[in-house]
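First up is the structure itself, then whatever we jot down about it.
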Amino acid sequence: MSDTSNAIVIDLNSSNHSQPVAEGSQLIQRVAYENLLSKLSEDIKQAQDFAKAPPKHRNVDDDGYPLGSGLTYFIDGTRGAGKSTFLRYAYQHLGHQGKGERQDLYNDPKINRSVNVLPLMYLDPSRIESSEHVLLHILKRLKHLEKCCPDRSAAGEREQEVFRKSFKDLAGGLHVLSGSKSGLDDLDAELFLDHGLERAADSQRLRSKLHTVISSVCTMYGADALVLAIDDADTKAELAMEVLECLRKYLDSPQVVALVTGDLEMYSLLVQNHFQKDFASEDRGLNADRRKQQDRMVEHLEDQYLLKLFPIQRRVQLKTLHTLSERQTYSVITPGGASNPTLHSAVDQISTQGLRLRSKADKTLFREHVLKLPVRSVLQLLSSYFKLSESESAKTTDAASEALRATALSSLYRHDVDVESIAEGDLHATIEAAFNLSVRDGEPDTAVYLRPQSRDASLRSAYVSLAADVARLCENDPARAIIYMLVTAGSSNIFHLVAKKNGTASVGAENASELQKKIKQYLSVGRTDNALNWSWHATAALIGATKSKDLELRQGIVGVRTGKRGDARAFDDQLKEALNGKDSRAFPAIAFSQSGVKRSNNTQRYLSIFNTLGLIANLLELDVSSTPDLKKSISDQLNKVRNTPTVSLPNWSDLISSEGEDESESESERGGAPGDVEKAELSKESAERTALESLVSRVEQWLKLCEPLKKYFHPSAVLLGKIWNRLYFSLDNISSNMRATNETLESERCVKAMELFSWALINACLVEEVDYHHRDVGSAEGTINRSNPRSSGELVIRKFIRAADSKDIDVTPTIAPLTFMIASCPLLLGLIKDGQKGLAKDLTMQRFVQALGEKLNIETSAALNQDVMCDQQTWSIIGETTVTRSGGSPADTKAEAKPRTRPASKKAEQAKEN
């Protein structure tokens, strides 16, 4: 790029008005103008050399200039590319180059400026009535120039007389041009011939007389040529061909510089349609081969017609700001003149302050998308954003979402997006739109990022608009962010899993659409609901999306036995025993990760990290300021899960397999154990109540701890999509590892799996927030180990407890606020066993919690202390719960027959952990 001293200045104060550009320093398409001026100078010189050529070099039957000698320049660009602004500037300034008038300070002195042209007319055919002929408006303007000619010398008077005589001779030709009937049908043959020959002569003389009139005007004003600007002719199809034919047949003189703007693709369609109509009345009776031949010839005619009228060397292509800004510096004057950033900086400000993007690659992608839009759209977008953002009534996220939504309105409507509800702040309307577009895009992993990467231009615009709304609606609101992440990204993942399993993707669009509708209904996509309800249904959906007969342990979900058939250890019994243990610190957090799934003839129990995450989202929605009611609200939320909510297995496309279902226990076989939605309720024993009250108090303290962290939370659609993908695939890998046959795992498989799922959730938030979470200027920069935990939490702990020689960034709550809110939650820490993690003796959960407290700058409290973790006794008791196989069978019958064992010592326990 060149230096900013020669930058082209874009004044956003006039972006919404049709004000002409006064100076070359403000002309966005300055390079195109310089090229036009250079071509025009060369073409006029060649025409003058031809006119001076001796007669032997010209045909004896030439009537003035040869046919097709016109200087017609086509200014090509899509709608909003800046064609009208460019045309107005060229029309006003071409005649002043080299004369000292309106001379641009930025003109290149190396270019020949010897262009002496006179503005004739700025014509917009779309404003002319269909009954009027375009040529009449041009003739009227020529007559006006003759009357206003300041040259009153004898030579000037003679030239005016030539003009008047030639102008009068145009009458006969114009009468023929009108297309009216000749009126000769009733005359006798001799009179018919005389009048017919006279009319034919008038028609043939029309071109030459018109050229004479034009030449007289040029002579009167001492100009080399007249400039005729024709704007937006292609917007009125019925006059477009008339304009083109007028240029081809009558205005093909080098003394007429015709500047025509339009979209060449549109002109191509108009010309092709014109020739197609000529054939339409004659194509009856043609066979298929002849019709193909006809279509081919029409395409050939259209191609050659446009090449003849608009030669390639006289076409000026208006570039997008993306291309232009790579070669020239552009600066922007914001509304009110508060700032004067470069164009790239102005667009980047929307991406960072509006969409909350952090990654350089994401900001570059957004900038490219915006700058490739039509120039009009870019200028109005920037103007709208800066006007709103500089006012006191709107946040930057509000300004960005409103400006981008207005820019992408047609794309949003095309994809049936509920624009009004989204504008009013309806998160679930935004979720439904993002889900629908992600499914339509067909990319299961990256579409939820809402990046403008699709091949479909309308999808790109819609993505960017929705990304701005996600940033706006989730700003400082982790609960909403989790809801969006789960319901949008999670549902999209489930859709592709189900479609793949059921073969819907290969069946056809109709079946895929029906499946999409069913999944939206089942997972409440688009309906006002909470994250916890989605988690219950997602757990059932993910379990139902597999045909494996292996352990029911996959994607963050563990199936556990509730009945006592054989030697199975039921989850409810183990939970009750743990509650009755004298060393129990609080109500086991694992109890709040459970939900039931109703099959055709039984109900099965599952522990799911999604249930825990959904419950966390529900808790984060509570109003911390309402202290008297806060504990009751927390208790209500916890009891929703403690009483084991049950949902039905989804019934889309016959996904339910009945194989093996007769092996699982029904609710009546649980020996009175709790779990049914209507009847199950934990006993109201004193110890149990105390444990629950203790947990409620810890959650209350945690919510108050999270409140100040929310102001640092600035999520983007990219960040939330990244967290989901890392979490999902990490859970899948852990589940695969935990399904392995291992004697050590048999006595702790379910609790060990849930602990690793918790580490996976913390790690997913941490890694992606470091790279993709927006933070204020001046914040610490750096990278972090992006590895995922698989068999131990040691890897994650080391990311928080940074070694002195580590090159990783020192993670703080301002860098990763969601991570610290999740990692400090008692419901998540309660899934992790207290004690040493890994081989290093100082790598303990106590040290981890201490590190969290130090970074949060708080003293040890009920919300964050060593007692929050799962104690050894509770871990051992609940760990003996039998994990089910698909169909309800025990995980390992032989293992179940073994007597219960407790770890012999701390050393043995550490061996298990490692």
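The chains in the structure tokens are called A, B, ... from first to last as shown; in each chain the residues are counted from 1, and the ligands are counted from 1 in the order shown.
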
Using only C-alpha atoms, which residues sit within 8 Å of range 378-385 of chain A once same-chain residues fewer than 2 positions away are excluded, as a ChimeraX atom specification? /A:12-13,15-16,334-335,346-347,350,370-371,373-376,387-389,399-400,402-404,407

Could you turn the residues from that selection into a file that holds C-alpha atoms, as a short mmCIF file (atom, residue, chain, number, x, y, z; two decimals), in the first residue's frame?
```
data_model
loop_
_atom_site.label_atom_id
_atom_site.label_comp_id
_atom_site.auth_asym_id
_atom_site.auth_seq_id
_atom_site.Cartn_x
_atom_site.Cartn_y
_atom_site.Cartn_z
CA LEU A 12 -19.20 8.68 5.62
CA ASN A 13 -21.23 11.83 6.29
CA SER A 15 -22.56 8.03 2.14
CA ASN A 16 -26.35 8.07 2.34
CA THR A 334 -16.64 9.00 10.50
CA PRO A 335 -19.97 10.78 11.04
CA ALA A 346 -12.73 0.89 10.53
CA VAL A 347 -13.91 -2.55 9.39
CA ILE A 350 -16.74 -3.70 13.78
CA VAL A 370 -17.35 -6.79 4.06
CA LEU A 371 -15.00 -5.19 1.53
CA LEU A 373 -19.73 -6.26 -0.78
CA PRO A 374 -20.94 -3.54 -3.18
CA VAL A 375 -19.35 -0.19 -2.36
CA ARG A 376 -22.74 1.29 -1.47
CA LYS A 387 -23.36 6.77 13.98
CA LEU A 388 -24.86 4.25 16.39
CA SER A 389 -21.67 3.35 18.24
CA ALA A 399 -24.53 -0.95 16.67
CA ALA A 400 -22.82 -3.78 14.79
CA GLU A 402 -28.21 -3.40 13.69
CA ALA A 403 -25.93 -2.23 10.88
CA LEU A 404 -25.09 -5.75 9.66
CA THR A 407 -27.06 -4.80 5.19
#
```

Proximity of range 765-869 of chain A to range 587-592 of chain A: per-residue shortest pair, 7 Å limit, only C-alpha atoms, as JSON lines:
```
{"residue": "A:Leu827", "atom": "CA", "partner": "A:Ala589", "partner_atom": "CA", "distance": 5.2}
{"residue": "A:Gly830", "atom": "CA", "partner": "A:Ala589", "partner_atom": "CA", "distance": 5.0}
{"residue": "A:Leu831", "atom": "CA", "partner": "A:Ile590", "partner_atom": "CA", "distance": 5.9}
```

Output N, CA and C atoms for every residue in that selection, as a CSV table (one decimal), in the first residue's frame.
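Listed below is the output, result_39.csv:
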```
chain,number,residue,atom,x,y,z
A,827,LEU,N,-20.7,-27.9,41.5
A,827,LEU,CA,-21.3,-29.0,40.8
A,827,LEU,C,-20.3,-29.7,39.9
A,830,GLY,N,-17.3,-31.1,42.3
A,830,GLY,CA,-17.8,-32.2,43.1
A,830,GLY,C,-17.7,-33.5,42.3
A,831,LEU,N,-17.5,-33.4,41.0
A,831,LEU,CA,-17.3,-34.7,40.2
A,831,LEU,C,-15.9,-35.1,40.2
```

So that each row is one residue of range 354-460 of chain A with an atom at most 10 Å from range 477-492 of chain A, can you give its shortest atom pair and the distance in Å to one decimal, using only C-alpha atoms, rows by chain and rising number, as CSV?
```
residue,atom,partner,partner_atom,distance
A:Leu427,CA,A:Tyr484,CA,7.7
A:His428,CA,A:Tyr484,CA,8.1
A:Thr430,CA,A:Tyr484,CA,8.6
A:Ile431,CA,A:Thr488,CA,5.6
A:Glu432,CA,A:Thr488,CA,7.4
A:Ala433,CA,A:Thr488,CA,9.1
A:Ala434,CA,A:Thr488,CA,6.7
A:Phe435,CA,A:Thr488,CA,5.3
A:Asn436,CA,A:Ser492,CA,8.7
A:Leu437,CA,A:Ser492,CA,10.0
A:Ser438,CA,A:Ser492,CA,7.1
A:Val439,CA,A:Ser492,CA,6.6
A:Gly442,CA,A:Ser492,CA,9.7
A:Glu443,CA,A:Ser492,CA,9.4
A:Pro444,CA,A:Ser492,CA,6.6
A:Asp445,CA,A:Ala489,CA,8.3
A:Thr446,CA,A:Ala489,CA,9.3
A:Ala447,CA,A:Ala489,CA,8.8
A:Val448,CA,A:Ala489,CA,5.8
A:Tyr449,CA,A:Ala489,CA,8.7
```

Need the shell around Lys209 in chain A: protein/DNA/RNA residues with any atom at most 9 Å away, counting only C-alpha atoms. Skip same-chain ones fewer than 4 positions apart. Format as a ChimeraX atom specification? /A:166-167,169-170,205,213-214

Hey, which of A:Val260, A:Leu731, A:Ile877, A:Val849 ends up closest to Leu829 in chain A? Count only C-alpha atoms. A:Val849
